[in-house]
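Colleague: Provided herewith: final_38.tsv, TSV, C-alpha atoms.
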chain	number	residue	atom	x	y	z
A	1	MET	CA	201.62	26.08	323.60
A	2	ILE	CA	201.14	23.73	320.64
A	3	ARG	CA	198.12	21.44	320.66
A	4	TRP	CA	198.84	18.12	318.97
A	5	PRO	CA	195.61	16.49	317.74
A	6	PHE	CA	195.26	12.78	317.06
A	7	LEU	CA	195.22	12.42	313.26
A	8	GLY	CA	195.61	9.52	310.86
A	9	ARG	CA	195.90	5.89	311.95
A	10	ASP	CA	192.37	5.31	310.61
A	11	GLU	CA	193.04	1.65	309.78
A	12	GLU	CA	194.68	1.04	313.14
A	13	ARG	CA	191.78	2.70	315.00
A	14	ALA	CA	189.33	0.45	313.16
A	15	ALA	CA	191.43	-2.64	313.94
A	16	LEU	CA	191.61	-1.67	317.62
A	17	ALA	CA	187.84	-1.20	317.84
A	18	ALA	CA	187.20	-4.51	316.06
A	19	ALA	CA	189.55	-6.40	318.40
A	20	LEU	CA	187.84	-4.94	321.47
A	21	ASP	CA	184.41	-5.83	320.09
A	22	SER	CA	185.26	-9.45	319.37
A	23	ARG	CA	187.89	-10.37	321.95
A	24	GLY	CA	188.92	-9.67	325.52
A	25	GLY	CA	191.41	-7.10	324.39
A	26	VAL	CA	194.36	-6.38	322.15
A	27	LEU	CA	198.16	-6.25	322.43
A	28	LEU	CA	199.34	-2.95	320.93
A	29	THR	CA	203.03	-3.01	320.04
A	30	GLY	CA	205.51	-0.95	318.06
A	31	PRO	CA	208.69	1.07	318.46
A	32	HIS	CA	209.04	3.99	320.87
A	33	GLY	CA	207.29	7.09	319.61
A	34	ALA	CA	205.00	5.33	317.12
A	35	GLY	CA	201.94	6.70	318.96
A	36	LYS	CA	200.84	3.56	320.80
A	37	SER	CA	199.66	5.40	323.92
A	38	ALA	CA	197.82	8.01	321.85
A	39	LEU	CA	196.03	5.31	319.86
A	40	ALA	CA	195.18	3.34	323.01
A	41	ALA	CA	193.67	6.48	324.53
A	42	GLN	CA	191.22	6.63	321.61
A	43	SER	CA	189.52	3.54	323.06
A	44	GLY	CA	188.28	5.60	326.01
A	45	GLY	CA	189.57	3.10	328.58
A	46	LEU	CA	190.91	3.79	332.06
A	47	ARG	CA	194.70	4.07	332.04
A	48	LEU	CA	196.59	1.93	334.51
A	49	ARG	CA	199.73	3.49	335.95
A	50	GLY	CA	202.69	1.13	336.01
A	51	THR	CA	204.72	1.67	339.18
A	52	GLY	CA	207.27	-1.10	338.89
A	53	PRO	CA	207.43	-4.37	340.80
A	54	SER	CA	207.68	-3.02	344.34
A	55	VAL	CA	204.01	-2.08	344.93
A	56	ALA	CA	201.39	-4.83	344.76
A	57	LEU	CA	198.41	-3.68	342.66
A	58	GLY	CA	200.27	-0.40	342.15
A	59	ALA	CA	198.84	-0.06	338.63
A	60	PHE	CA	195.32	-0.02	340.15
A	61	ALA	CA	196.16	2.26	343.10
A	62	HIS	CA	194.15	5.18	341.69
A	63	LEU	CA	191.08	2.93	341.21
A	64	LEU	CA	191.06	1.07	344.54
A	65	PRO	CA	190.66	2.21	348.16
A	66	ALA	CA	193.77	2.32	350.31
A	67	ASP	CA	192.57	-0.20	352.93
A	68	ALA	CA	193.10	-3.39	350.92
A	69	PRO	CA	192.74	-6.71	352.79
A	70	HIS	CA	195.72	-9.00	353.18
A	71	ALA	CA	193.83	-12.13	352.07
A	72	ASN	CA	191.97	-12.85	348.79
A	73	LEU	CA	193.39	-9.66	347.31
A	74	LEU	CA	192.43	-10.42	343.71
A	75	ALA	CA	188.85	-11.43	344.54
A	76	TRP	CA	188.42	-8.31	346.67
A	77	ALA	CA	189.81	-6.01	343.94
A	78	ALA	CA	187.69	-7.65	341.24
A	79	GLU	CA	184.53	-7.23	343.30
A	80	TRP	CA	185.35	-3.60	344.10
A	81	LEU	CA	186.04	-2.69	340.46
A	82	GLY	CA	182.83	-4.26	339.15
A	83	PRO	CA	181.98	-5.40	335.59
A	84	GLY	CA	182.13	-3.73	332.19
A	85	LEU	CA	185.64	-2.28	332.48
A	86	LEU	CA	187.84	-1.12	329.64
A	87	LEU	CA	191.43	-0.79	330.85
A	88	ILE	CA	194.64	0.44	329.21
A	89	ALA	CA	197.80	-1.24	330.52
A	90	ASP	CA	200.27	1.35	329.20
A	91	ASP	CA	204.02	0.63	329.49
A	92	ALA	CA	203.18	-2.97	330.29
A	93	ASP	CA	206.76	-3.74	331.31
A	94	ARG	CA	206.19	-1.55	334.42
A	95	ILE	CA	203.01	-3.33	335.48
A	96	ASP	CA	203.62	-5.16	338.77
A	97	ASP	CA	202.92	-8.91	339.04
A	98	ALA	CA	199.81	-8.52	341.22
A	99	SER	CA	198.27	-6.02	338.79
A	100	ALA	CA	199.06	-8.28	335.83
A	101	ALA	CA	197.43	-11.20	337.66
A	102	LEU	CA	194.36	-9.05	338.41
A	103	LEU	CA	194.09	-8.03	334.76
A	104	HIS	CA	194.27	-11.69	333.74
A	105	HIS	CA	191.57	-12.49	336.31
A	106	LEU	CA	189.27	-9.70	335.08
A	107	VAL	CA	189.63	-10.54	331.38
A	108	THR	CA	189.25	-14.32	331.69
A	109	ARG	CA	186.05	-13.81	333.69
A	110	ASP	CA	184.64	-11.38	331.12
A	111	GLN	CA	184.67	-8.61	333.69
A	112	ALA	CA	186.98	-6.37	331.65
A	113	LYS	CA	188.65	-5.81	328.32
A	114	VAL	CA	192.20	-4.58	328.13
A	115	VAL	CA	194.49	-2.74	325.73
A	116	VAL	CA	198.03	-3.87	326.56
A	117	VAL	CA	200.63	-1.36	325.29
A	118	ALA	CA	204.23	-2.50	324.99
A	119	ARG	CA	207.25	-2.03	322.76
A	120	GLY	CA	207.39	-5.76	322.11
A	121	GLU	CA	205.78	-8.96	323.27
A	122	ALA	CA	208.83	-9.88	325.37
A	123	ALA	CA	208.15	-6.88	327.64
A	124	VAL	CA	204.64	-8.08	328.53
A	125	PRO	CA	204.23	-9.78	331.96
A	126	ALA	CA	203.50	-13.52	331.77
A	127	PRO	CA	199.85	-13.29	333.02
A	128	LEU	CA	199.08	-10.88	330.16
A	129	ARG	CA	200.93	-12.98	327.58
A	130	ALA	CA	198.80	-15.93	328.72
A	131	LEU	CA	195.68	-14.08	327.55
A	132	ASP	CA	196.87	-14.69	323.95
A	133	LEU	CA	195.45	-11.36	322.78
A	134	PRO	CA	195.41	-10.47	319.09
A	135	ARG	CA	198.39	-8.31	318.21
A	136	LEU	CA	198.23	-4.91	316.51
A	137	GLU	CA	201.64	-3.50	315.58
A	138	LEU	CA	202.11	0.18	314.81
A	139	ALA	CA	204.71	1.25	312.27
A	140	PRO	CA	206.64	4.52	312.74
A	141	LEU	CA	204.77	7.67	311.72
A	142	ARG	CA	204.77	8.09	307.94
A	143	GLN	CA	205.63	11.37	306.24
A	144	GLU	CA	202.11	11.98	304.92
A	145	HIS	CA	200.69	11.59	308.43
A	146	ALA	CA	203.40	13.84	309.85
A	147	ALA	CA	202.52	16.50	307.27
A	148	ARG	CA	198.86	16.45	308.31
A	149	LEU	CA	199.83	16.57	311.95
A	150	LEU	CA	202.24	19.48	311.52
A	151	THR	CA	199.66	21.45	309.54
A	152	ALA	CA	197.01	20.93	312.22
A	153	ALA	CA	199.36	21.64	315.14
A	154	LEU	CA	200.85	24.79	313.62
A	155	GLY	CA	197.55	26.01	312.23
A	156	GLY	CA	198.71	26.56	308.68
A	157	ARG	CA	200.44	25.15	305.61
A	158	VAL	CA	203.96	23.81	306.13
A	159	GLU	CA	206.63	23.98	303.44
A	160	GLY	CA	207.30	20.57	301.91
A	161	ALA	CA	211.05	20.78	302.52
A	162	THR	CA	210.38	21.64	306.17
A	163	VAL	CA	208.09	18.62	306.55
A	164	ARG	CA	210.76	16.36	305.05
A	165	ARG	CA	213.44	17.87	307.25
A	166	PHE	CA	211.52	17.28	310.48
A	167	CYS	CA	210.52	13.80	309.33
A	168	ARG	CA	214.14	12.85	308.59
A	169	ALA	CA	215.25	14.12	311.99
A	170	ALA	CA	212.41	12.43	313.91
A	171	ALA	CA	212.49	9.23	311.79
A	172	GLY	CA	208.87	8.36	312.54
A	173	ASP	CA	209.08	9.02	316.29
A	174	LEU	CA	206.17	11.22	317.36
A	175	ARG	CA	207.87	12.22	320.64
A	176	PHE	CA	210.96	13.50	318.84
A	177	LEU	CA	208.84	15.28	316.22
A	178	ARG	CA	206.94	17.19	318.90
A	179	GLU	CA	210.08	18.20	320.77
A	180	LEU	CA	211.93	19.20	317.59
A	181	VAL	CA	209.07	21.46	316.52
A	182	THR	CA	208.71	22.98	320.00
A	183	ALA	CA	212.46	23.67	320.21
A	184	ALA	CA	212.58	25.10	316.69
A	185	LEU	CA	209.71	27.48	317.43
A	186	ALA	CA	211.34	28.66	320.66
A	187	ALA	CA	214.67	29.27	318.91
A	188	GLY	CA	213.16	30.99	315.89
A	189	ALA	CA	214.32	28.20	313.58
A	190	LEU	CA	210.70	27.60	312.53
A	191	ALA	CA	208.66	30.63	311.48
A	192	ARG	CA	205.81	31.61	309.20
A	193	LEU	CA	206.94	33.30	305.96
A	194	ASP	CA	204.24	34.63	303.63
A	195	GLY	CA	201.71	32.42	305.40
A	196	VAL	CA	203.77	29.22	305.11
A	197	TRP	CA	205.70	27.60	307.98
A	198	CYS	CA	209.39	27.19	307.07
A	199	SER	CA	212.48	26.07	308.98
A	200	ARG	CA	215.83	27.73	308.48
A	201	GLY	CA	219.24	27.08	309.98
A	202	GLN	CA	220.14	24.25	312.32
A	203	LEU	CA	217.37	22.40	314.17
A	204	PRO	CA	218.15	23.04	317.85
A	205	LEU	CA	218.38	20.38	320.55
A	206	SER	CA	216.42	21.51	323.61
A	207	PRO	CA	217.29	20.24	327.11
A	208	CYS	CA	214.03	18.26	327.08
A	209	LEU	CA	214.92	16.64	323.77
A	210	ARG	CA	218.44	15.79	324.94
A	211	GLU	CA	217.04	14.19	328.09
A	212	LEU	CA	214.50	12.21	326.06
A	213	VAL	CA	217.22	10.85	323.78
A	214	ARG	CA	219.59	10.07	326.67
A	215	ALA	CA	216.80	8.19	328.45
A	216	GLU	CA	216.14	6.24	325.26
A	217	ILE	CA	219.83	5.33	324.96
A	218	GLY	CA	220.01	4.37	328.63
A	219	GLU	CA	223.02	3.56	330.77
A	220	LEU	CA	226.18	2.60	328.92
A	221	ASP	CA	229.39	0.98	330.09
A	222	GLU	CA	232.72	2.28	328.77
A	223	ASP	CA	232.94	-0.19	325.87
A	224	GLU	CA	229.33	0.39	324.78
A	225	ARG	CA	229.86	4.14	324.86
A	226	ASP	CA	233.03	3.75	322.79
A	227	VAL	CA	231.16	1.74	320.12
A	228	LEU	CA	228.38	4.32	319.83
A	229	GLU	CA	230.88	7.20	319.67
A	230	LEU	CA	232.86	5.47	316.95
A	231	ILE	CA	229.74	4.98	314.82
A	232	ALA	CA	228.42	8.50	315.50
A	233	VAL	CA	231.66	10.16	314.43
A	234	HIS	CA	231.93	8.10	311.24
A	235	GLU	CA	228.16	8.00	310.50
A	236	SER	CA	228.38	4.40	309.29
A	237	ILE	CA	230.97	1.64	309.56
A	238	ASP	CA	231.44	-1.73	307.91
A	239	ALA	CA	230.39	-4.42	310.41
A	240	ALA	CA	233.63	-6.38	310.15
A	241	LEU	CA	235.66	-3.21	310.74
A	242	LEU	CA	233.51	-2.21	313.73
A	243	LEU	CA	233.95	-5.63	315.33
A	244	ALA	CA	237.73	-5.37	314.76
A	245	ARG	CA	238.10	-1.82	316.15
A	246	GLY	CA	235.50	-1.96	318.94
A	247	ASN	CA	234.75	-4.49	321.67
A	248	PRO	CA	232.74	-7.25	319.90
A	249	ASP	CA	230.70	-8.06	323.03
A	250	ALA	CA	229.80	-4.39	323.40
A	251	VAL	CA	228.76	-4.25	319.73
A	252	HIS	CA	226.44	-7.21	320.26
A	253	ARG	CA	225.00	-5.67	323.44
A	254	VAL	CA	224.08	-2.36	321.83
A	255	GLU	CA	222.61	-4.25	318.88
A	256	ARG	CA	220.37	-6.29	321.21
A	257	ARG	CA	219.26	-3.05	322.86
A	258	GLY	CA	218.22	-1.64	319.49
A	259	LEU	CA	220.74	1.23	319.57
A	260	ILE	CA	222.37	0.30	316.26
A	261	THR	CA	221.06	-1.13	313.03
A	262	SER	CA	222.66	-2.70	309.99
A	263	CYS	CA	221.86	-3.00	306.30
A	264	PRO	CA	223.53	-4.82	303.41
A	265	ARG	CA	225.81	-2.81	301.15
A	266	GLY	CA	227.26	-4.86	298.34
A	267	GLN	CA	229.02	-7.85	299.89
A	268	SER	CA	229.36	-6.20	303.30
A	269	LEU	CA	227.12	-5.07	306.16
A	270	LEU	CA	226.94	-1.39	307.05
A	271	VAL	CA	226.26	-0.40	310.68
A	272	ARG	CA	224.58	2.87	311.71
A	273	LEU	CA	223.01	4.26	314.85
A	274	ALA	CA	219.35	3.24	315.05
A	275	HIS	CA	217.99	6.80	315.08
A	276	PRO	CA	219.24	10.18	313.75
A	277	MET	CA	218.60	11.77	317.16
A	278	TYR	CA	221.07	9.32	318.74
A	279	GLN	CA	223.64	10.60	316.26
A	280	ALA	CA	222.96	14.25	317.14
A	281	VAL	CA	223.13	13.78	320.92
A	282	ILE	CA	226.14	11.44	320.96
A	283	ARG	CA	228.10	13.82	318.74
A	284	GLU	CA	227.41	16.58	321.25
A	285	TRP	CA	228.94	14.68	324.14
A	286	VAL	CA	232.06	13.71	322.11
A	287	GLY	CA	234.58	16.53	322.62
A	288	PRO	CA	236.89	17.71	319.81
A	289	LEU	CA	239.90	15.70	320.99
A	290	ARG	CA	237.82	12.56	321.49
A	291	ALA	CA	236.25	13.03	318.06
A	292	ARG	CA	239.69	13.37	316.47
A	293	HIS	CA	240.81	10.20	318.25
A	294	GLN	CA	237.75	8.29	316.98
A	295	ILE	CA	238.26	9.62	313.46
A	296	HIS	CA	241.89	8.47	313.31
A	297	ARG	CA	241.14	5.00	314.70
A	298	LEU	CA	240.19	4.11	311.13
A	299	SER	CA	242.83	4.53	308.46
A	300	PRO	CA	241.92	6.14	305.12
A	301	ALA	CA	241.85	2.73	303.46
A	302	ASP	CA	239.35	1.41	306.02
A	303	THR	CA	236.30	3.35	304.88
A	304	ALA	CA	234.93	4.99	301.75
A	305	MET	CA	233.78	8.60	301.49
A	306	THR	CA	230.14	8.97	302.58
A	307	ASP	CA	227.55	10.98	300.64
A	308	ARG	CA	227.52	13.67	303.32
A	309	GLU	CA	231.33	13.92	303.31
A	310	GLN	CA	231.16	14.35	299.55
A	311	GLN	CA	228.60	17.17	299.99
A	312	VAL	CA	230.74	18.90	302.61
A	313	GLY	CA	233.90	18.43	300.56
A	314	GLN	CA	232.29	19.91	297.46
A	315	LEU	CA	231.09	22.99	299.32
A	316	ALA	CA	234.46	23.41	301.08
A	317	SER	CA	236.26	23.16	297.75
A	318	TRP	CA	234.13	26.09	296.53
A	319	GLY	CA	235.55	28.22	299.35
A	320	LEU	CA	232.59	28.17	301.75
A	321	THR	CA	233.39	28.44	305.46
A	322	ASN	CA	232.29	25.81	307.98
A	323	ARG	CA	229.54	28.15	309.16
A	324	GLU	CA	228.28	28.70	305.61
A	325	ILE	CA	228.34	24.95	304.91
A	326	ALA	CA	226.45	24.32	308.16
A	327	ASP	CA	223.75	26.80	307.16
A	328	TRP	CA	223.53	25.29	303.68
A	329	LEU	CA	223.10	21.72	304.95
A	330	GLY	CA	221.16	22.51	308.14
A	331	VAL	CA	223.74	20.99	310.49
A	332	SER	CA	226.07	22.42	313.14
A	333	HIS	CA	229.45	23.89	312.20
A	334	ARG	CA	231.02	21.34	314.56
A	335	THR	CA	229.48	18.53	312.51
A	336	VAL	CA	230.91	20.10	309.37
A	337	GLY	CA	234.33	20.15	311.04
A	338	ASN	CA	234.07	16.45	311.88
A	339	HIS	CA	233.15	15.62	308.27
A	340	LEU	CA	236.12	17.60	306.99
A	341	HIS	CA	238.56	15.94	309.41
A	342	ARG	CA	237.42	12.51	308.23
A	343	LEU	CA	237.59	13.59	304.61
A	344	TYR	CA	241.13	14.97	304.99
A	345	ALA	CA	242.26	11.69	306.54
A	346	LYS	CA	240.69	9.65	303.75
A	347	VAL	CA	242.09	11.62	300.81
A	348	GLY	CA	245.41	12.58	302.37
A	349	VAL	CA	245.25	16.38	302.55
A	350	ASN	CA	245.55	18.80	305.46
A	351	ASP	CA	243.13	21.61	304.52
A	352	ARG	CA	240.30	22.56	302.16
A	353	THR	CA	242.53	24.42	299.71
A	354	HIS	CA	243.74	21.08	298.32
A	355	LEU	CA	240.38	19.34	298.12
A	356	ALA	CA	239.65	20.44	294.56
A	357	GLU	CA	242.99	18.95	293.46
A	358	VAL	CA	242.28	15.44	294.76
A	359	LEU	CA	238.51	15.16	294.45
A	360	THR	CA	236.24	15.27	291.41
A	361	PHE	CA	232.73	16.49	292.16
A	362	PRO	CA	229.73	16.70	289.85
A	363	ARG	CA	229.00	20.28	288.77
Output the file's structure as structure tokens, nothing else.
Modeller:
Amino acid sequence: MIRWPFLGRDEERAALAAALDSRGGVLLTGPHGAGKSALAAQSGGLRLRGTGPSVALGAFAHLLPADAPHANLLAWAAEWLGPGLLLIADDADRIDDASAALLHHLVTRDQAKVVVVARGEAAVPAPLRALDLPRLELAPLRQEHAARLLTAALGGRVEGATVRRFCRAAAGDLRFLRELVTAALAAGALARLDGVWCSRGQLPLSPCLRELVRAEIGELDEDERDVLELIAVHESIDAALLLARGNPDAVHRVERRGLITSCPRGQSLLVRLAHPMYQAVIREWVGPLRARHQIHRLSPADTAMTDREQQVGQLASWGLTNREIADWLGVSHRTVGNHLHRLYAKVGVNDRTHLAEVLTFPR
């Protein structure tokens, strides 16, 4: 069992302590997996358990007796809890209205301080937004922090390439990093060689990791699923082309949900999935026939060869098998096959034996 210590975030810890010293609390925000809950726990406060809207004062259920009165509920709860509280409202979007009102009551009467943890300010219940707490936003985990964390968790030096590999796959998400390392250890894809931790072969997707990613993606309707599959199979798509080939409303919906991201590329806008783990899991659920269909929805003239397709094409032109290419690049052989199918369609050949004739690769 790996123990994951809390390391780094020294500036953020100092900012959290300063906010709690001078104000009634702090609003701690940032993307999923940035370590908000872990940082909040460093304050030493009591964690409130969000139970959703159906249970009044459900977040305080573990701190209050069961026989609550029906009248003057907030005054009764405040008196029972007493002064000098430090509370952590984790997953603030799941805090019920009565609990949010009680938190507001406790803070405004200097009876408590609160660390409100949320992905964004919009997810915070109105009574907590009304507190106008100072905001502390966490950025995704940086590579140097991940390196320290991996070294401490594994109990030894970690190869630089292995650190970079896990960091690329997790993309700053601490939850994904932990699950990737755990799965790699269990599968033997991460092992100690001459005293140094190294990863070899494909990083496995454990059932727990798949479930975590699927929960992050959430429920999808047919058009939303189609948009994500199309992007996953092609890795990246020009925004205008995506809107033409997919359902535009579905594209906008998945963008609002943070499932895709875009960046300028020349005069156009390139769209990708928001996280590499989305790419890995979505590609798994796309069967071979569906993948082929999504590949051929774009004509060769629609999209340029990606860097990864160029890598795969170069290795294939040297006579390497899909399995050998997969081992070389640290991906699955199925992913290699998808890259080759796209590449064949773009350059107009049917197999790898003709790649060298139509492509010029740096040697």
Colleague: Report as a tab-separated table the residues of region 251-320 of chain A within 12 Å of region 215-220 of chain A, each with its shortest atom pair and distance in Å (one decimal), using only C-alpha atoms, ordered by chain and increasing residue number.
Modeller:
residue	atom	partner	partner_atom	distance
A:Val251	CA	A:Leu220	CA	11.7
A:Arg253	CA	A:Leu220	CA	10.0
A:Val254	CA	A:Leu220	CA	8.9
A:Glu255	CA	A:Ile217	CA	11.7
A:Arg257	CA	A:Ile217	CA	8.7
A:Gly258	CA	A:Ile217	CA	9.0
A:Leu259	CA	A:Ile217	CA	6.8
A:Ile260	CA	A:Ile217	CA	10.4
A:Leu273	CA	A:Ile217	CA	10.7
A:Ala274	CA	A:Ile217	CA	10.1
A:His275	CA	A:Ile217	CA	10.2
A:Met277	CA	A:Glu216	CA	10.1
A:Tyr278	CA	A:Ile217	CA	7.5
A:Gln279	CA	A:Ile217	CA	10.9
A:Val281	CA	A:Ile217	CA	9.9
A:Ile282	CA	A:Ile217	CA	9.7
Colleague: Quick one: of A:Arg200, A:Lys346, A:Arg214, A:His354, who's nearest to Gly319 (chain A), counting only C-alpha atoms?
Modeller: A:His354
Colleague: So, counting all atoms listed in the file, which residue among A:Leu298, A:Thr51, A:Pro204, A:Gly195 is closest to Gly246 (chain A)?
Modeller: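 Nearest candidate to Gly246 (chain A) out of A:Leu298, A:Thr51, A:Pro204, A:Gly195: A:Leu298.
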Colleague: In the coordinates of the file, take the point (202.5, -4.7, 325.0) and a cut-off of 9 Å; then, counting all atoms listed in the file, name each qualifying protein, DNA or RNA residue as an NGL selection string.
Modeller: :A and (26-30 or 89-93 or 115-125 or 128-129 or 135)
Colleague: Counting only C-alpha atoms, which residue out of A:Val286, A:Leu16, A:Ala191, A:Leu243 sits closest to Arg225 (chain A)?
Modeller: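 Closest to Arg225 (chain A) of all the choices is A:Val286.
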Colleague: Which protein, DNA or RNA residues have an atom at most 7 Å from (234.9, 8.8, 316.0), counting only C-alpha atoms? List them as a PyMOL selection string.
Modeller: chain A and resi 229-234+291-295
Colleague: Out of A:Ala38, A:Leu205, A:Leu269, A:Leu136, which residue has the shortest atom-to-atom distance to Arg283 (chain A) when counting all atoms listed in the file?
Modeller: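 Of all the options, A:Leu205 lies closest to Arg283 (chain A).
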Colleague: Report the distance between CA of Gln202 (chain A) and CA of Gly337 (chain A) in Å, rounded to one decimal place.
Modeller: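 Between CA of Gln202 (chain A) and CA of Gly337 (chain A) the gap works out to 14.8 Å.
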Colleague: What does the distance between CA of Ala146 (chain A) and CA of Ser206 (chain A) come to in Å, to one decimal place?
Modeller: 20.4 Å
Colleague: Counting all atoms listed in the file, which residue out of A:Ala147, A:Ala101, A:Ile2, A:Leu39 sits closest to Leu73 (chain A)?
Modeller: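 Among A:Ala147, A:Ala101, A:Ile2, A:Leu39, it is A:Ala101 that comes nearest to Leu73 (chain A).
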Colleague: Just want the 10 Å neighbourhood of Leu329 (chain A), counted on all atoms listed in the file, with same-chain residues fewer than 5 positions away dropped. Output as a VMD selection string.
Modeller: chain A and resid 201 to 202 308 311 to 312 315 324 336
